[in-house]
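Q: This is my_file.pdb (PDB, C-alpha atoms).
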```
ATOM      1  CA  MET A   1     -23.607   1.837  11.560
ATOM      2  CA  ALA A   2     -24.747  -0.486   8.784
ATOM      3  CA  GLY A   3     -24.199  -4.186   9.393
ATOM      4  CA  ALA A   4     -21.319  -5.989   7.686
ATOM      5  CA  ASP A   5     -23.608  -7.790   5.251
ATOM      6  CA  VAL A   6     -25.268  -4.519   4.219
ATOM      7  CA  LEU A   7     -21.858  -2.890   3.749
ATOM      8  CA  LEU A   8     -20.736  -5.754   1.529
ATOM      9  CA  THR A   9     -23.752  -5.246  -0.712
ATOM     10  CA  GLN A  10     -23.147  -1.488  -0.881
ATOM     11  CA  ILE A  11     -19.439  -1.919  -1.690
ATOM     12  CA  ARG A  12     -20.269  -4.290  -4.535
ATOM     13  CA  GLU A  13     -22.938  -1.974  -5.930
ATOM     14  CA  ASP A  14     -20.634   1.066  -5.753
ATOM     15  CA  ALA A  15     -17.772  -0.791  -7.446
ATOM     16  CA  LEU A  16     -19.942  -2.248 -10.208
ATOM     17  CA  GLY A  17     -21.966   0.944 -10.630
ATOM     18  CA  GLY A  18     -18.968   3.090 -11.467
ATOM     19  CA  LYS A  19     -19.329   5.376  -8.450
ATOM     20  CA  PRO A  20     -16.235   7.226  -7.172
ATOM     21  CA  LEU A  21     -13.861   4.709  -5.619
ATOM     22  CA  ALA A  22     -13.549   6.866  -2.507
ATOM     23  CA  ASP A  23     -17.239   6.184  -1.740
ATOM     24  CA  ALA A  24     -16.739   2.419  -1.839
ATOM     25  CA  LEU A  25     -13.445   2.569   0.071
ATOM     26  CA  ARG A  26     -14.992   4.542   2.938
ATOM     27  CA  LYS A  27     -17.486   1.699   3.267
ATOM     28  CA  VAL A  28     -14.551  -0.735   3.255
ATOM     29  CA  VAL A  29     -13.115   1.172   6.240
ATOM     30  CA  ALA A  30     -16.475   0.790   7.968
ATOM     31  CA  LEU A  31     -16.527  -2.929   7.089
ATOM     32  CA  GLY A  32     -13.081  -3.356   8.625
ATOM     33  CA  ALA A  33     -14.246  -1.645  11.810
ATOM     34  CA  GLU A  34     -17.486  -3.644  11.909
ATOM     35  CA  THR A  35     -15.717  -7.013  11.547
ATOM     36  CA  GLY A  36     -12.499  -6.164  13.405
ATOM     37  CA  SER A  37     -10.320  -6.606  10.314
ATOM     38  CA  VAL A  38      -7.283  -4.398  10.908
ATOM     39  CA  GLN A  39      -5.762  -5.319   7.528
ATOM     40  CA  LEU A  40      -8.817  -4.245   5.583
ATOM     41  CA  ARG A  41      -9.216  -0.959   7.435
ATOM     42  CA  GLN A  42      -5.542  -0.076   7.020
ATOM     43  CA  TRP A  43      -5.478  -0.840   3.294
ATOM     44  CA  ALA A  44      -8.621   1.163   2.549
ATOM     45  CA  GLY A  45      -7.320   4.027   4.712
ATOM     46  CA  LEU A  46      -4.084   4.185   2.722
ATOM     47  CA  GLU A  47      -5.999   4.170  -0.564
ATOM     48  CA  LEU A  48      -8.110   7.066   0.674
ATOM     49  CA  ARG A  49      -5.421   9.173   2.376
ATOM     50  CA  SER A  50      -2.194   8.463   0.432
ATOM     51  CA  TYR A  51       0.728   6.062   0.688
ATOM     52  CA  LYS A  52       3.175   8.945   1.071
ATOM     53  CA  ASP A  53       5.330   8.610   4.205
ATOM     54  CA  SER A  54       3.322   5.548   5.281
ATOM     55  CA  GLY A  55       6.291   3.179   5.286
ATOM     56  CA  VAL A  56       4.077   0.649   3.474
ATOM     57  CA  GLU A  57       5.279  -0.837   0.196
ATOM     58  CA  LEU A  58       3.282   0.538  -2.725
ATOM     59  CA  PRO A  59       1.073  -2.130  -4.346
ATOM     60  CA  ALA A  60       1.994  -3.104  -7.911
ATOM     61  CA  TYR A  61      -1.286  -1.783  -9.314
ATOM     62  CA  ARG A  62      -0.230   1.715  -8.231
ATOM     63  CA  LYS A  63       2.852   1.617 -10.474
ATOM     64  CA  PRO A  64       1.500   2.127 -14.011
ATOM     65  CA  SER A  65       3.946   2.315 -16.916
ATOM     66  CA  ALA A  66       4.889   5.706 -18.347
ATOM     67  CA  VAL A  67       7.563   7.304 -20.516
ATOM     68  CA  ILE A  68      10.200   9.838 -19.475
ATOM     69  CA  LEU A  69      10.143  13.001 -21.565
ATOM     70  CA  VAL A  70      12.376  16.072 -21.618
ATOM     71  CA  ASP A  71      11.921  19.590 -22.911
ATOM     72  CA  GLY A  72      14.918  21.591 -24.049
ATOM     73  CA  VAL A  73      16.223  24.482 -26.092
ATOM     74  CA  VAL A  74      18.930  24.730 -28.743
ATOM     75  CA  ASN A  75      20.638  27.950 -29.763
ATOM     76  CA  VAL A  76      20.526  28.221 -33.567
ATOM     77  CA  PRO A  77      21.441  31.050 -35.911
ATOM     78  CA  GLY A  78      18.751  33.654 -35.602
ATOM     79  CA  GLY A  79      17.285  32.540 -32.291
ATOM     80  CA  ILE A  80      16.383  29.663 -29.990
ATOM     81  CA  MET A  81      14.641  26.462 -31.079
ATOM     82  CA  LYS A  82      12.490  24.627 -28.557
ATOM     83  CA  ASN A  83      12.524  20.831 -28.393
ATOM     84  CA  THR A  84       9.455  19.611 -26.509
ATOM     85  CA  GLY A  85       8.449  16.131 -25.380
ATOM     86  CA  ARG A  86      11.517  14.146 -26.452
ATOM     87  CA  GLN A  87      11.474  10.643 -25.004
ATOM     88  CA  ILE A  88      14.584   9.363 -23.255
ATOM     89  CA  SER A  89      15.516   6.002 -21.774
ATOM     90  CA  PRO A  90      16.118   5.599 -18.041
ATOM     91  CA  ARG A  91      19.646   4.567 -19.077
ATOM     92  CA  SER A  92      20.191   8.188 -20.121
ATOM     93  CA  LEU A  93      19.765   9.370 -16.546
ATOM     94  CA  PRO A  94      22.782  10.068 -14.316
ATOM     95  CA  ASP A  95      24.260   6.995 -12.621
ATOM     96  CA  PHE A  96      22.861   7.863  -9.192
ATOM     97  CA  ALA A  97      19.289   7.991 -10.534
ATOM     98  CA  ARG A  98      19.170   4.909 -12.779
ATOM     99  CA  ASP A  99      18.355   2.476  -9.982
ATOM    100  CA  LYS A 100      15.742   4.780  -8.463
ATOM    101  CA  LEU A 101      13.770   5.986 -11.491
ATOM    102  CA  ASP A 102      12.294   3.986 -14.307
ATOM    103  CA  GLU A 103       9.298   3.949 -16.631
ATOM    104  CA  TYR A 104       6.827   3.165 -13.852
ATOM    105  CA  VAL A 105       5.155   5.987 -11.947
ATOM    106  CA  PRO A 106       4.595   5.474  -8.191
ATOM    107  CA  LEU A 107       1.069   6.788  -7.637
ATOM    108  CA  LEU A 108       1.162   7.695  -3.947
ATOM    109  CA  ASN A 109      -1.849  10.019  -4.207
ATOM    110  CA  PRO A 110      -5.244   9.498  -2.564
ATOM    111  CA  VAL A 111      -7.537   7.579  -4.881
ATOM    112  CA  ALA A 112      -9.790  10.621  -5.377
ATOM    113  CA  GLU A 113      -6.810  12.558  -6.749
ATOM    114  CA  ILE A 114      -5.960   9.722  -9.134
ATOM    115  CA  GLU A 115      -9.523   9.767 -10.462
ATOM    116  CA  SER A 116      -9.160  13.514 -10.975
ATOM    117  CA  MET A 117      -5.860  12.923 -12.800
ATOM    118  CA  LEU A 118      -7.635  10.493 -15.119
ATOM    119  CA  ARG A 119     -10.228  13.113 -16.050
ATOM    120  CA  GLN A 120      -7.424  15.569 -16.862
ATOM    121  CA  ALA A 121      -5.485  12.975 -18.858
ATOM    122  CA  GLU A 122      -8.533  12.031 -20.909
ATOM    123  CA  THR A 123      -8.631  15.573 -22.333
ATOM    124  CA  ASN A 124      -5.137  15.363 -23.885
ATOM    125  CA  GLY A 125      -4.512  11.625 -23.780
ATOM    126  CA  ALA A 126      -1.885  11.880 -21.024
ATOM    127  CA  ILE A 127      -0.843  13.845 -17.963
ATOM    128  CA  ASN A 128       2.671  15.030 -17.110
ATOM    129  CA  LEU A 129       4.100  14.297 -13.651
ATOM    130  CA  SER A 130       7.389  15.620 -12.324
ATOM    131  CA  LEU A 131      10.167  13.185 -11.508
ATOM    132  CA  PRO A 132      11.527  13.364  -7.958
ATOM    133  CA  HIS A 133      14.277  15.989  -7.768
ATOM    134  CA  SER A 134      13.806  16.668 -11.479
ATOM    135  CA  GLN A 135      15.560  20.051 -11.399
ATOM    136  CA  ASP A 136      18.648  18.497  -9.826
ATOM    137  CA  LEU A 137      18.645  15.860 -12.567
ATOM    138  CA  VAL A 138      18.320  18.555 -15.217
ATOM    139  CA  ASN A 139      21.276  20.486 -13.787
ATOM    140  CA  VAL A 140      23.483  17.393 -13.621
ATOM    141  CA  MET A 141      22.601  16.287 -17.160
ATOM    142  CA  ASN A 142      23.249  19.752 -18.583
ATOM    143  CA  HIS A 143      26.600  19.795 -16.822
ATOM    144  CA  GLU A 144      27.502  16.360 -18.210
ATOM    145  CA  VAL A 145      26.596  17.402 -21.769
ATOM    146  CA  GLY A 146      28.717  20.527 -21.416
ATOM    147  CA  ASN A 147      27.179  22.230 -24.448
ATOM    148  CA  PRO A 148      26.246  25.860 -23.685
ATOM    149  CA  PHE A 149      24.161  26.005 -26.875
ATOM    150  CA  GLN A 150      21.965  23.056 -25.943
ATOM    151  CA  ARG A 151      20.280  22.431 -22.620
ATOM    152  CA  ILE A 152      17.408  20.566 -21.017
ATOM    153  CA  THR A 153      14.811  22.755 -19.327
ATOM    154  CA  SER A 154      12.499  20.181 -17.746
ATOM    155  CA  MET A 155      12.042  16.446 -17.259
ATOM    156  CA  TYR A 156       8.863  14.520 -16.423
ATOM    157  CA  TRP A 157       6.857  11.332 -16.755
ATOM    158  CA  SER A 158       4.108  11.253 -19.358
ATOM    159  CA  LEU A 159       1.366   9.017 -17.983
ATOM    160  CA  ALA A 160      -1.261   7.979 -20.513
ATOM    161  CA  ALA A 161      -4.964   8.008 -19.658
ATOM    162  CA  PRO A 162      -5.376   4.237 -20.285
ATOM    163  CA  ALA A 163      -2.581   3.488 -17.784
ATOM    164  CA  ILE A 164      -4.315   5.558 -15.081
ATOM    165  CA  ALA A 165      -7.659   3.965 -15.928
ATOM    166  CA  GLY A 166      -6.049   0.525 -15.645
ATOM    167  CA  ALA A 167      -4.710   1.264 -12.159
ATOM    168  CA  LEU A 168      -8.116   2.432 -10.965
ATOM    169  CA  ASP A 169      -9.848  -0.498 -12.623
ATOM    170  CA  GLN A 170      -7.667  -2.920 -10.661
ATOM    171  CA  ILE A 171      -8.813  -1.333  -7.391
ATOM    172  CA  ARG A 172     -12.436  -1.535  -8.519
ATOM    173  CA  THR A 173     -12.005  -5.181  -9.519
ATOM    174  CA  ALA A 174     -10.336  -5.957  -6.187
ATOM    175  CA  LEU A 175     -13.364  -4.572  -4.346
ATOM    176  CA  VAL A 176     -15.732  -6.797  -6.319
ATOM    177  CA  GLU A 177     -13.465  -9.797  -5.720
ATOM    178  CA  LEU A 178     -13.283  -8.948  -2.012
ATOM    179  CA  VAL A 179     -17.058  -9.103  -1.679
ATOM    180  CA  ALA A 180     -17.221 -12.316  -3.718
ATOM    181  CA  GLU A 181     -14.526 -13.968  -1.594
ATOM    182  CA  VAL A 182     -16.202 -12.944   1.677
ATOM    183  CA  ARG A 183     -19.485 -14.420   0.481
ATOM    184  CA  THR A 184     -17.697 -17.606  -0.579
ATOM    185  CA  GLU A 185     -15.771 -17.943   2.692
ATOM    186  CA  MET A 186     -18.827 -17.401   4.928
ATOM    187  CA  PRO A 187     -20.406 -20.564   6.365
ATOM    188  CA  ALA A 188     -23.831 -21.320   4.899
ATOM    189  CA  ASN A 189     -25.595 -20.625   8.203
ATOM    190  CA  ALA A 190     -23.776 -17.326   8.939
ATOM    191  CA  SER A 191     -25.561 -14.002   8.501
ATOM    192  CA  GLU A 192     -22.507 -11.792   9.088
ATOM    193  CA  PRO A 193     -18.815 -12.345   8.193
ATOM    194  CA  THR A 194     -16.196 -12.565  10.924
ATOM    195  CA  GLY A 195     -12.918 -10.647  10.937
ATOM    196  CA  GLU A 196     -11.093 -13.897  10.182
ATOM    197  CA  THR A 197     -13.279 -14.471   7.117
ATOM    198  CA  VAL A 198     -12.712 -10.919   5.914
ATOM    199  CA  ASP A 199      -8.935 -11.186   6.403
ATOM    200  CA  ARG A 200      -8.772 -14.358   4.327
ATOM    201  CA  ALA A 201     -10.881 -12.784   1.590
ATOM    202  CA  PHE A 202      -8.746  -9.630   1.704
ATOM    203  CA  ASN A 203      -5.503 -11.564   1.165
ATOM    204  CA  ILE A 204      -6.988 -13.327  -1.851
ATOM    205  CA  ALA A 205      -8.570 -10.266  -3.455
ATOM    206  CA  ILE A 206      -5.740  -7.787  -2.853
ATOM    207  CA  TYR A 207      -2.628  -9.967  -2.737
ATOM    208  CA  GLY A 208      -3.679 -12.913  -4.853
ATOM    209  CA  GLY A 209      -3.868 -15.339  -1.962
ATOM    210  CA  ASN A 210      -0.327 -14.926  -0.631
ATOM    211  CA  PRO A 211      -0.382 -15.184   2.308
ATOM    212  CA  HIS A 212      -3.671 -16.958   2.833
ATOM    213  CA  VAL A 213      -4.908 -18.800   5.921
ATOM    214  CA  ASN A 214      -7.612 -21.455   5.615
ATOM    215  CA  VAL A 215      -9.156 -22.453   8.934
ATOM    216  CA  THR A 216     -10.503 -25.961   8.503
ATOM    217  CA  THR A 217     -10.967 -29.095  10.559
ATOM    218  CA  ALA A 218      -7.911 -30.697   8.945
ATOM    219  CA  THR A 219      -4.369 -30.382  10.250
ATOM    220  CA  ALA A 220      -1.774 -28.312   8.472
ATOM    221  CA  SER A 221      -0.141 -30.041   5.516
ATOM    222  CA  GLY A 222       2.010 -29.394   2.482
ATOM    223  CA  SER A 223       5.238 -27.490   2.047
ATOM    224  CA  GLY A 224       4.775 -23.895   3.124
ATOM    225  CA  SER A 225       1.038 -24.413   3.634
ATOM    226  CA  HIS A 226      -0.860 -21.933   5.763
ATOM    227  CA  THR A 227      -3.797 -24.299   6.230
ATOM    228  CA  VAL A 228      -4.329 -24.795   9.964
ATOM    229  CA  SER A 229      -6.854 -26.524  12.155
ATOM    230  CA  ALA A 230      -9.411 -24.627  14.202
ATOM    231  CA  LYS A 231      -7.804 -26.117  17.308
ATOM    232  CA  SER A 232      -4.377 -24.871  16.157
ATOM    233  CA  SER A 233      -5.789 -21.406  15.462
ATOM    234  CA  ILE A 234      -7.088 -21.138  19.018
ATOM    235  CA  ALA A 235      -3.713 -22.285  20.346
ATOM    236  CA  ASN A 236      -1.887 -19.678  18.243
ATOM    237  CA  THR A 237      -4.160 -16.910  19.499
ATOM    238  CA  HIS A 238      -3.531 -18.089  23.056
ATOM    239  CA  HIS A 239       0.213 -17.889  22.358
ATOM    240  CA  VAL A 240      -0.160 -14.231  21.300
ATOM    241  CA  GLU A 241      -2.087 -13.431  24.477
ATOM    242  CA  THR A 242       0.637 -15.150  26.521
ATOM    243  CA  LEU A 243       3.498 -13.123  25.042
ATOM    244  CA  TRP A 244       1.564  -9.847  24.943
ATOM    245  CA  PRO A 245       1.895  -8.651  28.599
ATOM    246  CA  ALA A 246       5.715  -8.679  28.530
ATOM    247  CA  LEU A 247       5.874  -7.107  25.069
ATOM    248  CA  CYS A 248       3.313  -4.465  26.031
ATOM    249  CA  ALA A 249       5.314  -3.575  29.140
ATOM    250  CA  GLU A 250       8.551  -3.279  27.158
ATOM    251  CA  LEU A 251       6.985  -1.063  24.483
ATOM    252  CA  THR A 252       5.258   1.075  27.103
ATOM    253  CA  GLU A 253       8.642   1.652  28.728
ATOM    254  CA  LEU A 254       9.968   2.740  25.328
ATOM    255  CA  GLY A 255       7.200   5.351  25.240
ATOM    256  CA  LEU A 256       4.800   3.811  22.701
ATOM    257  CA  PRO A 257       1.317   5.319  23.263
ATOM    258  CA  GLY A 258      -1.720   3.233  24.114
ATOM    259  CA  GLU A 259      -3.394   3.715  20.728
ATOM    260  CA  GLU A 260      -0.383   2.232  18.933
ATOM    261  CA  LEU A 261      -0.211  -0.628  21.419
ATOM    262  CA  GLU A 262      -3.867  -1.412  20.792
ATOM    263  CA  GLU A 263      -3.318  -1.506  17.031
ATOM    264  CA  LEU A 264      -0.265  -3.739  17.416
ATOM    265  CA  HIS A 265      -2.198  -6.148  19.621
ATOM    266  CA  GLY A 266      -4.950  -6.358  16.999
ATOM    267  CA  ALA A 267      -2.374  -6.989  14.275
ATOM    268  CA  LEU A 268      -0.684  -9.760  16.268
ATOM    269  CA  VAL A 269      -4.008 -11.477  16.905
ATOM    270  CA  SER A 270      -4.903 -11.152  13.222
ATOM    271  CA  ASP A 271      -1.563 -12.762  12.293
ATOM    272  CA  ALA A 272      -1.690 -15.457  14.979
ATOM    273  CA  ASP A 273      -1.710 -18.323  12.473
ATOM    274  CA  TYR A 274       1.467 -17.290  10.647
ATOM    275  CA  GLY A 275       3.698 -19.126  13.095
ATOM    276  CA  ASN A 276       7.375 -18.404  12.409
ATOM    277  CA  GLU A 277       6.592 -15.755   9.802
ATOM    278  CA  LEU A 278       5.903 -12.060  10.172
ATOM    279  CA  GLY A 279       2.223 -11.706   9.274
ATOM    280  CA  PRO A 280       0.927  -8.960   6.926
ATOM    281  CA  ALA A 281      -0.957  -6.996   9.581
ATOM    282  CA  THR A 282       2.056  -6.829  11.922
ATOM    283  CA  SER A 283       4.386  -6.010   9.042
ATOM    284  CA  SER A 284       2.045  -3.220   7.956
ATOM    285  CA  TRP A 285       1.934  -1.832  11.514
ATOM    286  CA  LEU A 286       5.735  -1.783  11.716
ATOM    287  CA  GLY A 287       5.923   0.007   8.372
ATOM    288  CA  ARG A 288       3.416   2.660   9.388
ATOM    289  CA  LEU A 289       5.179   3.171  12.720
ATOM    290  CA  SER A 290       8.500   3.698  10.970
ATOM    291  CA  GLY A 291       6.897   6.298   8.712
ATOM    292  CA  LYS A 292       5.314   8.136  11.638
ATOM    293  CA  LEU A 293       8.590   8.258  13.551
ATOM    294  CA  ALA A 294      10.543   9.395  10.491
ATOM    295  CA  THR A 295       8.148  12.269   9.771
ATOM    296  CA  GLY A 296       7.657  13.327  13.390
ATOM    297  CA  ALA A 297       3.971  12.371  13.310
ATOM    298  CA  LEU A 298       4.670  10.240  16.388
ATOM    299  CA  THR A 299       7.160  10.846  19.185
ATOM    300  CA  VAL A 300       8.304   8.204  21.662
ATOM    301  CA  GLY A 301      10.795   7.980  24.487
ATOM    302  CA  SER A 302      14.357   9.177  23.903
ATOM    303  CA  ALA A 303      15.694   5.616  24.073
ATOM    304  CA  ALA A 304      13.251   4.355  21.463
ATOM    305  CA  SER A 305      13.565   4.135  17.700
ATOM    306  CA  SER A 306      11.770   2.237  14.963
ATOM    307  CA  GLU A 307      14.653  -0.283  15.076
ATOM    308  CA  ALA A 308      14.325  -0.770  18.845
ATOM    309  CA  ILE A 309      10.569  -1.219  18.653
ATOM    310  CA  SER A 310      10.801  -3.573  15.659
ATOM    311  CA  HIS A 311      13.444  -5.644  17.463
ATOM    312  CA  ALA A 312      11.232  -5.936  20.543
ATOM    313  CA  VAL A 313       8.304  -7.174  18.448
ATOM    314  CA  LEU A 314      10.399  -9.628  16.434
ATOM    315  CA  LYS A 315      12.101 -10.924  19.578
ATOM    316  CA  ALA A 316       8.718 -11.545  21.228
ATOM    317  CA  LEU A 317       7.657 -13.522  18.139
ATOM    318  CA  GLY A 318      10.877 -15.547  18.180
ATOM    319  CA  LEU A 319      12.113 -13.972  14.948
ATOM    320  CA  ALA A 320      15.116 -12.079  16.351
TER     321      ALA A 320
END
```
Spit out the file's structure as structure tokens when you get a sec.
A:
Amino acid sequence: MAGADVLLTQIREDALGGKPLADALRKVVALGAETGSVQLRQWAGLELRSYKDSGVELPAYRKPSAVILVDGVVNVPGGIMKNTGRQISPRSLPDFARDKLDEYVPLLNPVAEIESMLRQAETNGAINLSLPHSQDLVNVMNHEVGNPFQRITSMYWSLAAPAIAGALDQIRTALVELVAEVRTEMPANASEPTGETVDRAFNIAIYGGNPHVNVTTATASGSGSHTVSAKSSIANTHHVETLWPALCAELTELGLPGEELEELHGALVSDADYGNELGPATSSWLGRLSGKLATGALTVGSAASSEAISHAVLKALGLA
């Protein structure tokens, strides 16, 4: 496997060179494995595979703006007149759908599919995407109108090519920023970045620095600051290792497999400096676990549930 420094160079070149994002993201997965950054590997994996059923909140850059359009027909003397591509407001939707659907499309697809969607949209300027349960919405709206001579036949988002390009460009920019931040965070005498360095850079590049942990020789200061001392960081990691045996035993009894336990342990260590907060890596692990249990991708003991497992983790961290 290529070293972390080589991977950083390749990721930057791929992102700047306009290569398919999937190529660069696969190298990000490798970088996460090489440095031990669970956060980085998980994020890149979701971008490559899909956010669907992951239980992870969709990043804002994957929610480009779009318009809701409807097609319909009207019975007129002498025949039927088609009405295609009429824009409607989300306020026109049935009450039960107004809080769930708006003029932002959740792009759950793998990044390679989104790039393919862009190529299709560039031909006509936009691409049409079905709304969730669109046929049910159509039936309800036709019933509410109550006009047998006028009816909606389909409903969909119209997503413009520039909006798709903007979403992809934000991922590409984040990759360049990730490399830049890793280089900046690395000590002058270091030849390879550590997992801690990569995690800090990841939080800045992907989440704008919130949360962000700076490991320095100064003590923590400032309201809500995540700046900690190197001595404090070691103590926090020791705290995780102290609570882990009991938590591991409890989760094993609930039927959680060893692979999941290993990932949770890595997430807890990664989040060691978050103190009385639920760190991003642990939160992401809990979200993925919930998705796996909900879809049947993972089965555990009969007494276990995502709520029981989450409660055990939060209780161990002093958050429940």
Q: Counting all atoms listed in the file, figure out which residue out of A:Ser54, A:Asn139, A:Val76, A:Ile152 gets nearest to Leu108 of chain A.
A: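 Among the listed residues, A:Ser54 lies closest to Leu108 of chain A.
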Q: From the set A:Met117, A:Val56, A:Leu69, A:Val6, which residue has the shortest atom-to-atom contact distance to Lys292 of chain A, counting all atoms listed in the file?
A: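 For Lys292 of chain A, the nearest of the candidates is A:Val56.
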Q: Looking at all atoms listed in the file, which of A:Gly18, A:Pro90, A:Gly195, A:Pro187 is the one that sits closest to Met155 of chain A?
A: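 Counting all atoms listed in the file, the residue closest to Met155 of chain A is A:Pro90.
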Q: Quick one: which residues end up in the PyMOL selection byres ((chain A and resi 154) around 7) for this structure, as number ranges by chain?
A: A: 70-72, 138, 152-153, 155-156
Q: For Thr173 of chain A, which residue among A:Val140, A:Ile114, A:Leu31, A:Leu16 is the nearest when counting all atoms listed in the file?
A: A:Leu16
Q: To test your reading of the syntax: which residues would the PyMOL selection byres ((chain A and resi 243) around 12) return for the file shown? Reply as a PDB file with C-alpha atoms, keeping the file's coordinate frame.
A:
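Result file result_5.pdb:
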```
ATOM      1  CA  ASN A 236      -1.887 -19.678  18.243  1.00  0.00           C
ATOM      2  CA  THR A 237      -4.160 -16.910  19.499  1.00  0.00           C
ATOM      3  CA  HIS A 238      -3.531 -18.089  23.056  1.00  0.00           C
ATOM      4  CA  HIS A 239       0.213 -17.889  22.358  1.00  0.00           C
ATOM      5  CA  VAL A 240      -0.160 -14.231  21.300  1.00  0.00           C
ATOM      6  CA  GLU A 241      -2.087 -13.431  24.477  1.00  0.00           C
ATOM      7  CA  THR A 242       0.637 -15.150  26.521  1.00  0.00           C
ATOM      8  CA  TRP A 244       1.564  -9.847  24.943  1.00  0.00           C
ATOM      9  CA  PRO A 245       1.895  -8.651  28.599  1.00  0.00           C
ATOM     10  CA  ALA A 246       5.715  -8.679  28.530  1.00  0.00           C
ATOM     11  CA  LEU A 247       5.874  -7.107  25.069  1.00  0.00           C
ATOM     12  CA  CYS A 248       3.313  -4.465  26.031  1.00  0.00           C
ATOM     13  CA  ALA A 249       5.314  -3.575  29.140  1.00  0.00           C
ATOM     14  CA  GLU A 250       8.551  -3.279  27.158  1.00  0.00           C
ATOM     15  CA  HIS A 265      -2.198  -6.148  19.621  1.00  0.00           C
ATOM     16  CA  LEU A 268      -0.684  -9.760  16.268  1.00  0.00           C
ATOM     17  CA  VAL A 269      -4.008 -11.477  16.905  1.00  0.00           C
ATOM     18  CA  ALA A 272      -1.690 -15.457  14.979  1.00  0.00           C
ATOM     19  CA  ALA A 312      11.232  -5.936  20.543  1.00  0.00           C
ATOM     20  CA  VAL A 313       8.304  -7.174  18.448  1.00  0.00           C
ATOM     21  CA  LEU A 314      10.399  -9.628  16.434  1.00  0.00           C
ATOM     22  CA  LYS A 315      12.101 -10.924  19.578  1.00  0.00           C
ATOM     23  CA  ALA A 316       8.718 -11.545  21.228  1.00  0.00           C
ATOM     24  CA  LEU A 317       7.657 -13.522  18.139  1.00  0.00           C
ATOM     25  CA  GLY A 318      10.877 -15.547  18.180  1.00  0.00           C
TER      26      GLY A 318
END
```
Q: Pop segment 180-191 of chain A out of the structure in the block and write N, CA and C atoms as an mmCIF file, in the first residue's frame.
A:
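Wrote part-v6.cif, looks like this:
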```cif
data_model
loop_
_atom_site.group_PDB
_atom_site.id
_atom_site.type_symbol
_atom_site.label_atom_id
_atom_site.label_comp_id
_atom_site.auth_asym_id
_atom_site.auth_seq_id
_atom_site.Cartn_x
_atom_site.Cartn_y
_atom_site.Cartn_z
ATOM 1 N N ALA A 180 -4.520 20.059 2.111
ATOM 2 C CA ALA A 180 -3.855 21.285 2.573
ATOM 3 C C ALA A 180 -3.821 21.351 4.097
ATOM 4 N N GLU A 181 -4.927 20.973 4.737
ATOM 5 C CA GLU A 181 -4.990 21.023 6.198
ATOM 6 C C GLU A 181 -4.065 19.987 6.829
ATOM 7 N N VAL A 182 -3.992 18.795 6.229
ATOM 8 C CA VAL A 182 -3.081 17.769 6.765
ATOM 9 C C VAL A 182 -1.652 18.269 6.696
ATOM 10 N N ARG A 183 -1.280 18.836 5.558
ATOM 11 C CA ARG A 183 0.080 19.362 5.401
ATOM 12 C C ARG A 183 0.355 20.455 6.429
ATOM 13 N N THR A 184 -0.645 21.302 6.662
ATOM 14 C CA THR A 184 -0.473 22.410 7.609
ATOM 15 C C THR A 184 -0.344 21.906 9.043
ATOM 16 N N GLU A 185 -1.146 20.887 9.377
ATOM 17 C CA GLU A 185 -1.167 20.359 10.745
ATOM 18 C C GLU A 185 0.068 19.514 11.083
ATOM 19 N N MET A 186 0.727 18.960 10.068
ATOM 20 C CA MET A 186 1.875 18.079 10.323
ATOM 21 C C MET A 186 3.056 18.853 10.903
ATOM 22 N N PRO A 187 3.697 18.340 11.931
ATOM 23 C CA PRO A 187 4.917 18.971 12.449
ATOM 24 C C PRO A 187 5.977 19.041 11.354
ATOM 25 N N ALA A 188 6.838 20.037 11.441
ATOM 26 C CA ALA A 188 7.839 20.275 10.399
ATOM 27 C C ALA A 188 8.770 19.078 10.191
ATOM 28 N N ASN A 189 9.017 18.319 11.252
ATOM 29 C CA ASN A 189 9.967 17.207 11.151
ATOM 30 C C ASN A 189 9.289 15.867 10.863
ATOM 31 N N ALA A 190 7.955 15.879 10.628
ATOM 32 C CA ALA A 190 7.229 14.627 10.388
ATOM 33 C C ALA A 190 7.203 14.302 8.898
ATOM 34 N N SER A 191 7.379 13.037 8.576
ATOM 35 C CA SER A 191 7.331 12.603 7.176
ATOM 36 C C SER A 191 5.984 12.016 6.815
#
```
